[in-house]
>>> print(open('query.cif').read())   # mmCIF, C-alpha atoms
data_query
loop_
_atom_site.label_atom_id
_atom_site.label_comp_id
_atom_site.auth_asym_id
_atom_site.auth_seq_id
_atom_site.Cartn_x
_atom_site.Cartn_y
_atom_site.Cartn_z
CA MET A 1 -27.90 42.45 7.46
CA ASN A 2 -26.32 40.15 4.89
CA GLU A 3 -22.76 38.91 4.54
CA SER A 4 -21.83 41.02 1.51
CA GLY A 5 -20.52 43.82 3.73
CA LEU A 6 -18.35 41.80 6.12
CA VAL A 7 -15.11 43.57 5.17
CA GLY A 8 -14.81 46.59 7.43
CA LEU A 9 -17.27 45.33 10.04
CA PRO A 10 -16.38 44.82 13.70
CA VAL A 11 -16.03 41.11 14.28
CA GLY A 12 -19.11 41.01 16.53
CA SER A 13 -21.28 42.50 13.80
CA ALA A 14 -19.77 40.15 11.25
CA VAL A 15 -20.57 37.16 13.47
CA ASP A 16 -24.16 38.36 13.85
CA ALA A 17 -24.49 38.80 10.08
CA ILE A 18 -23.35 35.24 9.40
CA VAL A 19 -25.48 33.69 12.15
CA ASP A 20 -28.55 35.70 11.12
CA ARG A 21 -28.20 34.61 7.51
CA GLY A 22 -29.93 31.42 8.63
CA ASP A 23 -28.60 28.93 6.05
CA GLY A 24 -27.21 26.60 8.69
CA ASP A 25 -26.91 25.96 12.42
CA ARG A 26 -23.90 28.18 13.01
CA ASP A 27 -22.68 28.65 16.54
CA PRO A 28 -21.46 32.22 17.20
CA ASP A 29 -18.28 31.03 18.92
CA THR A 30 -17.46 28.77 15.98
CA VAL A 31 -18.06 31.60 13.52
CA ARG A 32 -15.92 33.98 15.56
CA GLU A 33 -13.09 31.43 15.66
CA ALA A 34 -13.30 30.97 11.89
CA LEU A 35 -13.15 34.74 11.30
CA ASP A 36 -10.22 35.29 13.64
CA PRO A 37 -7.53 34.87 10.93
CA VAL A 38 -9.20 37.55 8.75
CA THR A 39 -9.69 39.95 11.65
CA GLU A 40 -7.32 42.74 12.65
CA ASP A 41 -7.81 44.85 15.77
CA GLY A 42 -11.35 43.54 16.10
CA VAL A 43 -12.33 44.35 12.50
CA VAL A 44 -12.64 42.11 9.43
CA THR A 45 -10.18 43.61 6.94
CA ARG A 46 -9.08 42.92 3.40
CA GLU A 47 -5.46 43.17 4.54
CA ALA A 48 -6.05 40.37 7.07
CA VAL A 49 -7.69 38.28 4.36
CA ASP A 50 -4.71 38.79 2.04
CA ASP A 51 -2.26 37.96 4.85
CA THR A 52 -4.14 34.75 5.66
CA VAL A 53 -4.11 33.68 2.03
CA SER A 54 -0.38 34.39 1.89
CA ASP A 55 0.31 32.49 5.12
CA THR A 56 -1.74 29.53 3.92
CA SER A 57 0.08 29.51 0.59
CA LYS A 58 3.38 29.37 2.47
CA LEU A 59 2.15 26.43 4.53
CA VAL A 60 1.16 24.63 1.35
CA ALA A 61 4.55 25.34 -0.22
CA THR A 62 6.31 24.11 2.91
CA ALA A 63 4.29 20.90 2.92
CA GLU A 64 5.09 20.29 -0.74
CA THR A 65 8.80 20.83 -0.06
CA ARG A 66 8.75 18.41 2.87
CA VAL A 67 7.08 15.80 0.66
CA GLU A 68 9.77 16.32 -1.98
CA LEU A 69 12.43 15.77 0.68
CA ALA A 70 10.65 12.60 1.79
CA GLY A 71 10.73 11.45 -1.82
CA ILE A 72 14.49 12.01 -1.96
CA ALA A 73 14.94 10.11 1.32
CA HIS A 74 12.82 7.29 -0.13
CA GLU A 75 15.01 7.12 -3.25
CA ASP A 76 18.15 6.95 -1.11
CA ALA A 77 16.73 4.25 1.15
CA THR A 78 15.45 2.20 -1.79
CA ALA A 79 18.88 2.33 -3.42
CA ALA A 80 20.56 1.30 -0.18
CA ALA A 81 18.16 -1.64 0.19
CA ASP A 82 18.47 -2.86 -3.38
CA PRO A 83 21.14 -5.56 -2.74
CA VAL A 84 18.93 -7.24 -0.12
CA ALA A 85 15.47 -6.25 -1.37
CA ASP A 86 14.64 -9.91 -2.02
CA ILE A 87 14.80 -10.73 1.71
CA ASP A 88 11.28 -10.65 3.16
CA VAL A 89 12.11 -8.56 6.21
CA VAL A 90 13.54 -5.86 3.93
CA ALA A 91 10.88 -6.12 1.24
CA ALA A 92 8.10 -5.69 3.80
CA ARG A 93 9.61 -2.48 5.13
CA LEU A 94 10.13 -1.16 1.61
CA GLY A 95 6.50 -1.87 0.79
CA THR A 96 5.34 0.04 3.84
CA TYR A 97 7.46 3.06 2.93
CA ASP A 98 6.24 2.91 -0.67
CA ASP A 99 2.63 3.07 0.54
CA ARG A 100 3.32 5.90 2.97
CA LEU A 101 5.08 7.98 0.34
CA ALA A 102 2.30 7.44 -2.20
CA ALA A 103 -0.30 8.50 0.38
CA VAL A 104 1.48 11.68 1.44
CA GLU A 105 2.25 12.61 -2.16
CA ALA A 106 -1.44 12.25 -3.04
CA ARG A 107 -2.44 14.50 -0.14
CA ALA A 108 0.17 17.07 -1.14
CA ALA A 109 -1.12 17.07 -4.72
CA ASP A 110 -4.60 17.88 -3.41
CA LEU A 111 -3.37 20.87 -1.42
CA SER A 112 -3.02 23.19 -4.41
CA ASP A 113 -6.49 22.21 -5.60
CA GLY A 114 -7.83 22.94 -2.12
CA LEU A 115 -6.20 26.37 -2.07
CA ARG A 116 -7.46 27.42 -5.51
CA PRO A 117 -11.17 28.04 -4.61
CA PRO A 118 -10.36 30.37 -1.68
CA VAL A 119 -7.95 32.37 -3.85
CA GLU A 120 -10.63 32.69 -6.54
CA GLN A 121 -13.01 34.11 -3.92
CA LEU A 122 -10.74 37.03 -3.02
CA GLY A 123 -12.69 39.46 -5.15
CA ASP A 124 -16.03 38.56 -3.54
CA PRO A 125 -16.60 40.35 -0.22
CA GLY A 126 -19.63 38.15 0.36
CA ALA A 127 -17.45 35.04 0.50
CA VAL A 128 -15.23 36.13 3.40
CA TYR A 129 -16.61 33.61 5.88
CA GLU A 130 -16.48 30.66 3.45
CA LEU A 131 -12.99 31.75 2.40
CA ALA A 132 -11.81 31.85 6.03
CA VAL A 133 -13.24 28.40 6.73
CA GLU A 134 -11.65 26.89 3.63
CA LEU A 135 -8.30 28.51 4.32
CA ARG A 136 -8.30 27.08 7.84
CA GLU A 137 -9.01 23.60 6.48
CA VAL A 138 -6.26 23.90 3.87
CA ALA A 139 -3.79 25.17 6.49
CA ALA A 140 -4.59 22.30 8.86
CA THR A 141 -4.19 19.76 6.07
CA ALA A 142 -0.90 21.32 4.96
CA GLN A 143 0.47 21.11 8.51
CA ASN A 144 -0.58 17.46 8.76
CA VAL A 145 1.02 16.65 5.40
CA ALA A 146 4.26 18.36 6.42
CA ARG A 147 4.31 16.43 9.70
CA GLU A 148 3.66 13.10 7.99
CA ALA A 149 6.36 13.82 5.42
CA ASP A 150 8.85 14.69 8.17
CA GLU A 151 7.99 11.49 10.04
CA LEU A 152 8.47 9.49 6.85
CA SER A 153 11.85 11.13 6.20
CA PHE A 154 12.93 10.35 9.76
CA ASP A 155 11.80 6.73 9.49
CA LEU A 156 13.56 6.31 6.14
CA GLU A 157 16.80 7.60 7.61
CA ALA A 158 16.42 5.16 10.49
CA PHE A 159 15.74 2.41 7.95
CA GLU A 160 19.01 3.23 6.18
CA SER A 161 20.84 2.98 9.49
CA TRP A 162 19.15 -0.37 10.12
CA LEU A 163 20.26 -1.57 6.69
CA ALA A 164 23.85 -0.54 7.32
CA SER A 165 24.26 -1.96 10.83
CA PRO A 166 23.86 -5.65 11.72
CA ASP A 167 24.19 -4.75 15.40
CA ARG A 168 21.28 -2.34 15.13
CA ARG A 169 19.14 -5.01 13.47
CA TYR A 170 19.98 -7.52 16.18
CA ASP A 171 19.42 -5.00 18.98
CA GLU A 172 15.98 -4.10 17.64
CA LEU A 173 15.05 -7.77 17.33
CA ALA A 174 16.20 -8.35 20.92
CA GLU A 175 14.04 -5.42 22.08
CA ASP A 176 11.03 -6.87 20.28
CA ILE A 177 11.60 -10.25 21.93
CA ASP A 178 11.76 -8.53 25.33
CA LEU A 179 8.46 -6.76 24.62
CA VAL A 180 6.73 -10.00 23.68
CA SER A 181 8.12 -11.76 26.72
CA GLY A 182 6.90 -8.96 28.96
CA SER A 183 3.44 -9.08 27.40
CA LEU A 184 3.28 -12.84 27.89
CA GLU A 185 4.14 -12.42 31.57
CA GLU A 186 1.30 -9.91 31.93
CA LEU A 187 -1.12 -12.24 30.16
CA SER A 188 -0.07 -15.15 32.36
CA ALA A 189 -0.73 -13.03 35.44
CA ALA A 190 -4.12 -12.04 34.02
CA ALA A 191 -4.94 -15.70 33.43
CA ASP A 192 -4.01 -16.56 37.03
CA ALA A 193 -6.31 -13.79 38.27
CA LEU A 194 -9.40 -14.95 36.39
CA SER A 195 -10.89 -16.66 39.44
CA ALA A 196 -10.98 -13.31 41.26
CA SER A 197 -12.42 -11.36 38.34
CA GLU A 198 -15.91 -9.88 38.39
CA THR A 199 -16.23 -10.66 34.66
CA PRO A 200 -14.17 -13.85 34.27
CA ALA A 201 -15.71 -14.99 30.97
CA ALA A 202 -15.03 -11.71 29.18
CA ASP A 203 -11.57 -11.39 30.73
CA TRP A 204 -10.76 -14.95 29.67
CA ALA A 205 -11.89 -14.31 26.09
CA ASP A 206 -9.91 -11.08 25.91
CA ALA A 207 -6.79 -12.73 27.30
CA THR A 208 -7.18 -15.57 24.80
CA MET A 209 -7.42 -13.16 21.87
CA ARG A 210 -4.34 -11.29 23.02
CA ALA A 211 -2.46 -14.54 23.55
CA HIS A 212 -3.19 -15.53 19.95
CA VAL A 213 -1.82 -12.17 18.82
CA MET A 214 1.33 -12.71 20.88
CA ALA A 215 1.75 -16.14 19.32
CA LEU A 216 1.49 -14.61 15.86
CA LEU A 217 3.96 -11.91 16.83
CA ALA A 218 6.41 -14.53 18.09
CA THR A 219 6.04 -16.43 14.80
CA ASP A 220 6.72 -13.21 12.93
CA LEU A 221 9.87 -12.63 15.00
CA CYS A 222 11.02 -16.17 14.26
CA ALA A 223 10.71 -15.43 10.56
CA GLU A 224 12.61 -12.17 11.01
CA ALA A 225 15.40 -13.96 12.85
CA ALA A 226 15.65 -16.46 9.99
CA ASP A 227 15.82 -13.60 7.47
CA LEU A 228 18.54 -11.87 9.45
CA ARG A 229 20.52 -15.11 9.54
CA THR A 230 20.17 -15.44 5.76
CA TRP A 231 21.33 -11.85 5.39
CA ALA A 232 24.34 -12.45 7.67
CA ASP A 233 25.33 -15.62 5.80
CA ARG A 234 25.09 -13.80 2.48
CA GLU A 235 27.40 -11.03 3.60
CA GLY A 236 29.69 -13.16 5.72
CA ASP A 237 28.76 -11.43 8.97
CA PRO A 238 28.41 -13.15 12.35
CA PHE A 239 24.83 -13.78 13.46
CA ARG A 240 23.67 -13.66 17.07
CA ALA A 241 22.45 -17.23 17.26
CA GLU A 242 21.02 -16.72 20.77
CA LEU A 243 18.35 -14.48 19.24
CA ALA A 244 16.92 -17.38 17.24
CA ASP A 245 16.92 -19.52 20.38
CA ARG A 246 15.21 -16.79 22.41
CA VAL A 247 12.50 -16.10 19.88
CA ALA A 248 11.83 -19.82 19.41
CA ALA A 249 11.41 -20.16 23.20
CA THR A 250 9.10 -17.15 23.19
CA GLU A 251 6.97 -18.72 20.47
CA ARG A 252 6.68 -21.94 22.48
CA GLU A 253 5.70 -19.92 25.55
CA ALA A 254 3.01 -18.08 23.61
CA ARG A 255 1.57 -21.29 22.19
CA ALA A 256 1.59 -22.88 25.64
CA LEU A 257 -0.30 -19.91 27.06
CA VAL A 258 -2.95 -20.21 24.35
CA GLU A 259 -3.39 -23.89 25.20
CA THR A 260 -3.50 -23.19 28.94
CA LEU A 261 -6.20 -20.56 28.50
CA SER A 262 -8.21 -22.90 26.31
CA GLU A 263 -7.92 -25.79 28.76
CA HIS A 264 -8.84 -23.71 31.80
CA GLY A 265 -11.76 -21.94 30.21
CA GLU A 266 -14.98 -23.08 31.83
CA PRO A 267 -17.67 -24.67 29.63
CA ALA A 268 -19.94 -21.65 30.04
CA TRP A 269 -17.15 -19.37 28.86
CA HIS A 270 -16.60 -21.51 25.77
CA ASP A 271 -20.34 -21.51 25.11
CA ARG A 272 -20.49 -17.73 25.31
CA PHE A 273 -17.32 -16.77 23.44
CA GLY A 274 -16.26 -19.92 21.57
CA SER A 275 -17.60 -18.80 18.19
CA ASP A 276 -15.97 -15.37 18.55
CA LEU A 277 -12.63 -16.89 19.41
CA ALA A 278 -12.87 -19.32 16.51
CA ALA A 279 -13.66 -16.44 14.14
CA PHE A 280 -10.68 -14.52 15.47
CA GLU A 281 -8.37 -17.50 14.98
CA ARG A 282 -9.58 -17.87 11.39
CA ALA A 283 -8.94 -14.17 10.78
CA LEU A 284 -5.41 -14.40 12.18
CA SER A 285 -4.66 -17.47 10.06
CA ALA A 286 -4.79 -15.20 6.99
CA PHE A 287 -1.65 -13.40 8.18
CA ALA A 288 1.79 -14.72 7.36
CA PRO A 289 5.23 -13.25 8.05
CA PRO A 290 6.14 -10.49 7.46
CA VAL A 291 2.90 -9.56 9.21
CA ASP A 292 1.04 -6.33 8.57
CA TRP A 293 0.56 -5.33 12.21
CA ASP A 294 -1.75 -2.42 11.46
CA ARG A 295 -4.19 -4.89 9.91
CA VAL A 296 -3.77 -7.30 12.81
CA GLN A 297 -4.63 -4.52 15.26
CA GLU A 298 -7.68 -3.61 13.19
CA THR A 299 -8.75 -7.25 13.19
CA LEU A 300 -8.32 -7.51 16.96
CA GLU A 301 -10.35 -4.36 17.56
CA GLU A 302 -13.11 -5.53 15.23
CA ARG A 303 -13.37 -8.98 16.82
CA ARG A 304 -13.25 -7.56 20.35
CA ALA A 305 -16.03 -5.13 19.48
CA ALA A 306 -18.12 -7.95 18.05
CA ALA A 307 -17.50 -10.22 21.04
CA PHE A 308 -17.98 -7.71 23.84
CA ASP A 309 -20.67 -5.44 22.40
#
>>> encode(input="query.cif", output="structure tokens")
Amino acid sequence: MNESGLVGLPVGSAVDAIVDRGDGDRDPDTVREALDPVTEDGVVTREAVDDTVSDTSKLVATAETRVELAGIAHEDATAAADPVADIDVVAARLGTYDDRLAAVEARAADLSDGLRPPVEQLGDPGAVYELAVELREVAATAQNVAREADELSFDLEAFESWLASPDRRYDELAEDIDLVSGSLEELSAAADALSASETPAADWADATMRAHVMALLATDLCAEAADLRTWADREGDPFRAELADRVAATEREARALVETLSEHGEPAWHDRFGSDLAAFERALSAFAPPVDWDRVQETLEERRAAAFD
């Protein structure tokens, strides 16, 4: 049996026809799952195919609309940020949103191209399986695009609120300082526990890498505090001076922890991981505030993989 007569077949027979065609290692359960959207009452039907195409087209249209709304939100946020777009902490956020919008717009533009081949296959009963697979992929992509666009719209609205409220900016900075302080406490406890560790050298190297990241984060927060002070001075608003003091103290604490870990590392640990730690420090030195934290995380994961493989 070939696939040309799938329409009208019970789904079990259709699955057998596709598996028996022998042009790939197709698992019956996977084939059955792919055919499910074009199956009605246990039979592959043209009506189910048409309904699936229609539903997928609606998902694509919804995704495109959500991307358009994200574009409008981006325009509004960009206009709101324009008076202070020269301040680094604002410019960095704008750049991130620019990149996210460009990426989701590109994916949305590809959706219509992805939908076109399945639609062109509607007149070919032998293409039912391929059509179902492609429609499922397009539908999944459309749902992801819609979700990303919604997340971007939400983040842009939050960004506008951040732009409009000095208190919100200061509160968020204070929360970030608290997070760094908490992480430093955890790292200090991990450093104190090295003598009881079953893998002290690896734990020491990992703690040292993370301490360097915390030091960079503290430096980034210092720069943000300075930018917020500049912003406040420009607009004649009061600045929470204690935030600058707190973040400066946090940076000193992070640097001190890095030095403590280095001083207490045993010679054998330095011999084993010294080159990896030096490479990681060199990689981090390429980052300057405002820091791209996605890239820092990627760098950390890469260096940890290289060190502990």
>>> resolve_selection(input="query.cif", expression="the PyMOL selection byres ((chain A and resi 217-223) around 6)", output="list in words")
Met214, Ala215, Leu216, Glu224, Ala225, Ala226, Val247, Glu251 and Pro289 of chain A
>>> closest_atom_pairs(input="query.cif", of="region 156-234 of chain A", to="region 77-99 of chain A", cutoff="9 Å", atoms="only C-alpha atoms", output="tab-separated table")
residue	atom	partner	partner_atom	distance
A:Leu156	CA	A:Ala77	CA	6.3
A:Glu157	CA	A:Ala77	CA	7.3
A:Phe159	CA	A:Ala77	CA	7.1
A:Glu160	CA	A:Ala77	CA	5.6
A:Leu163	CA	A:Ala81	CA	6.8
A:Ala164	CA	A:Ala80	CA	8.4
A:Ala223	CA	A:Val89	CA	8.3
A:Glu224	CA	A:Val89	CA	6.0
A:Asp227	CA	A:Val89	CA	6.4
A:Leu228	CA	A:Val89	CA	7.9
A:Thr230	CA	A:Ile87	CA	8.2
A:Trp231	CA	A:Val84	CA	7.6
>>> write_last_selection(input="query.cif", atoms="C-alpha atoms", output="PDB file, in the coordinates of the input")
ATOM      1  CA  LEU A 156      13.560   6.310   6.140  1.00  0.00           C
ATOM      2  CA  GLU A 157      16.800   7.600   7.610  1.00  0.00           C
ATOM      3  CA  PHE A 159      15.740   2.410   7.950  1.00  0.00           C
ATOM      4  CA  GLU A 160      19.010   3.230   6.180  1.00  0.00           C
ATOM      5  CA  LEU A 163      20.260  -1.570   6.690  1.00  0.00           C
ATOM      6  CA  ALA A 164      23.850  -0.540   7.320  1.00  0.00           C
ATOM      7  CA  ALA A 223      10.710 -15.430  10.560  1.00  0.00           C
ATOM      8  CA  GLU A 224      12.610 -12.170  11.010  1.00  0.00           C
ATOM      9  CA  ASP A 227      15.820 -13.600   7.470  1.00  0.00           C
ATOM     10  CA  LEU A 228      18.540 -11.870   9.450  1.00  0.00           C
ATOM     11  CA  THR A 230      20.170 -15.440   5.760  1.00  0.00           C
ATOM     12  CA  TRP A 231      21.330 -11.850   5.390  1.00  0.00           C
TER      13      TRP A 231
END
>>> resolve_selection(input="query.cif", expression="the PyMOL selection byres ((chain A and resi 189-191) around 9)", output="CSV table (one decimal) with C-alpha atoms, keeping the file's coordinate frame")
chain,number,residue,atom,x,y,z
A,184,LEU,CA,3.3,-12.8,27.9
A,185,GLU,CA,4.1,-12.4,31.6
A,186,GLU,CA,1.3,-9.9,31.9
A,187,LEU,CA,-1.1,-12.2,30.2
A,188,SER,CA,-0.1,-15.2,32.4
A,192,ASP,CA,-4.0,-16.6,37.0
A,193,ALA,CA,-6.3,-13.8,38.3
A,194,LEU,CA,-9.4,-15.0,36.4
A,195,SER,CA,-10.9,-16.7,39.4
A,203,ASP,CA,-11.6,-11.4,30.7
A,204,TRP,CA,-10.8,-15.0,29.7
A,207,ALA,CA,-6.8,-12.7,27.3
A,208,THR,CA,-7.2,-15.6,24.8
A,257,LEU,CA,-0.3,-19.9,27.1
A,260,THR,CA,-3.5,-23.2,28.9
A,261,LEU,CA,-6.2,-20.6,28.5
>>> atom_distance(input="query.cif", atom1="CA of Asp294 (chain A)", atom2="CA of Leu101 (chain A)")
16.7 Å
>>> closest_residue(input="query.cif", among="A:Gly182, A:Pro37, A:Gly12, A:Gly71", to="Leu135 (chain A)", atoms="all atoms listed in the file")
A:Pro37
>>> resolve_selection(input="query.cif", expression="the PyMOL selection byres ((chain A and resi 48-61) around 7)", output="list in words")
Pro37, Val38, Thr39, Glu40, Thr45, Arg46, Glu47, Thr62, Ala63, Glu64, Thr65, Leu111, Leu135, Ala139, Ala142 and Gln143 of chain A
>>> closest_atom_pairs(input="query.cif", of="region 89-204 of chain A", to="region 268-279 of chain A", cutoff="9 Å", atoms="only C-alpha atoms", output="Markdown table")
| residue | atom | partner | partner_atom | distance |
| --- | --- | --- | --- | --- |
| A:Pro200 | CA | A:Trp269 | CA | 8.3 |
| A:Ala201 | CA | A:Trp269 | CA | 5.1 |
| A:Ala202 | CA | A:Trp269 | CA | 8.0 |
| A:Trp204 | CA | A:Trp269 | CA | 7.8 |
>>> axis_aligned_box(input="query.cif", around="region 233-236 of chain A", padding_each_side="8 Å", output="lines of an AutoDock Vina configuration file")
center_x = 27.4
center_y = -13.3
center_z = 4.1
size_x = 20.6
size_y = 20.6
size_z = 19.3
>>> atom_distance(input="query.cif", atom1="CA of Val213 (chain A)", atom2="CA of Ala244 (chain A)")
19.5 Å
>>> closest_residue(input="query.cif", among="A:Val133, A:Val104, A:Leu115, A:Leu179", to="Glu68 (chain A)", atoms="only C-alpha atoms")
A:Val104
>>> closest_residue(input="query.cif", among="A:Leu35, A:Ala288, A:Val7, A:Val15", to="Arg136 (chain A)", atoms="only C-alpha atoms")
A:Leu35
>>> atom_distance(input="query.cif", atom1="CA of Ala108 (chain A)", atom2="CA of Ala149 (chain A)")
9.6 Å
>>> build_atoms(input="query.cif", residues="region 51-67 of chain A", atoms="N, CA, C and O atoms", output="compact mmCIF listing (two decimals), keeping the file's coordinate frame")
# COMPACT_ATOMS: atom_id res chain seq x y z
N ASP A 51 -3.34 38.56 4.06
CA ASP A 51 -2.26 37.96 4.85
C ASP A 51 -2.53 36.48 5.12
O ASP A 51 -1.61 35.66 5.09
N THR A 52 -3.79 36.14 5.38
CA THR A 52 -4.14 34.75 5.66
C THR A 52 -3.95 33.89 4.42
O THR A 52 -3.45 32.75 4.51
N VAL A 53 -4.34 34.42 3.28
CA VAL A 53 -4.11 33.68 2.03
C VAL A 53 -2.62 33.47 1.82
O VAL A 53 -2.17 32.36 1.47
N SER A 54 -1.82 34.51 2.07
CA SER A 54 -0.38 34.39 1.89
C SER A 54 0.22 33.37 2.86
O SER A 54 1.04 32.53 2.47
N ASP A 55 -0.21 33.44 4.13
CA ASP A 55 0.31 32.49 5.12
C ASP A 55 -0.06 31.06 4.76
O ASP A 55 0.75 30.13 4.91
N THR A 56 -1.30 30.87 4.29
CA THR A 56 -1.74 29.53 3.92
C THR A 56 -0.96 29.01 2.72
O THR A 56 -0.58 27.84 2.66
N SER A 57 -0.71 29.90 1.76
CA SER A 57 0.08 29.51 0.59
C SER A 57 1.48 29.07 1.00
O SER A 57 2.03 28.11 0.43
N LYS A 58 2.05 29.75 1.99
CA LYS A 58 3.38 29.37 2.47
C LYS A 58 3.35 28.00 3.14
O LYS A 58 4.27 27.19 2.97
N LEU A 59 2.28 27.74 3.90
CA LEU A 59 2.15 26.43 4.53
C LEU A 59 2.05 25.32 3.48
O LEU A 59 2.63 24.25 3.63
N VAL A 60 1.29 25.60 2.43
CA VAL A 60 1.16 24.63 1.35
C VAL A 60 2.51 24.39 0.68
O VAL A 60 2.91 23.25 0.42
N ALA A 61 3.24 25.47 0.42
CA ALA A 61 4.55 25.34 -0.22
C ALA A 61 5.52 24.56 0.67
O ALA A 61 6.30 23.73 0.19
N THR A 62 5.45 24.83 1.97
CA THR A 62 6.31 24.11 2.91
C THR A 62 5.99 22.62 2.91
O THR A 62 6.89 21.77 2.89
N ALA A 63 4.70 22.31 2.93
CA ALA A 63 4.29 20.90 2.92
C ALA A 63 4.78 20.21 1.65
O ALA A 63 5.28 19.08 1.69
N GLU A 64 4.65 20.88 0.52
CA GLU A 64 5.09 20.29 -0.74
C GLU A 64 6.60 20.06 -0.74
O GLU A 64 7.09 19.04 -1.25
N THR A 65 7.35 21.00 -0.15
CA THR A 65 8.80 20.83 -0.06
C THR A 65 9.16 19.65 0.83
O THR A 65 10.05 18.85 0.50
N ARG A 66 8.46 19.53 1.96
CA ARG A 66 8.75 18.41 2.87
C ARG A 66 8.45 17.07 2.20
O ARG A 66 9.16 16.08 2.42
N VAL A 67 7.40 17.04 1.38
CA VAL A 67 7.08 15.80 0.66
C VAL A 67 8.16 15.50 -0.37
O VAL A 67 8.55 14.33 -0.56
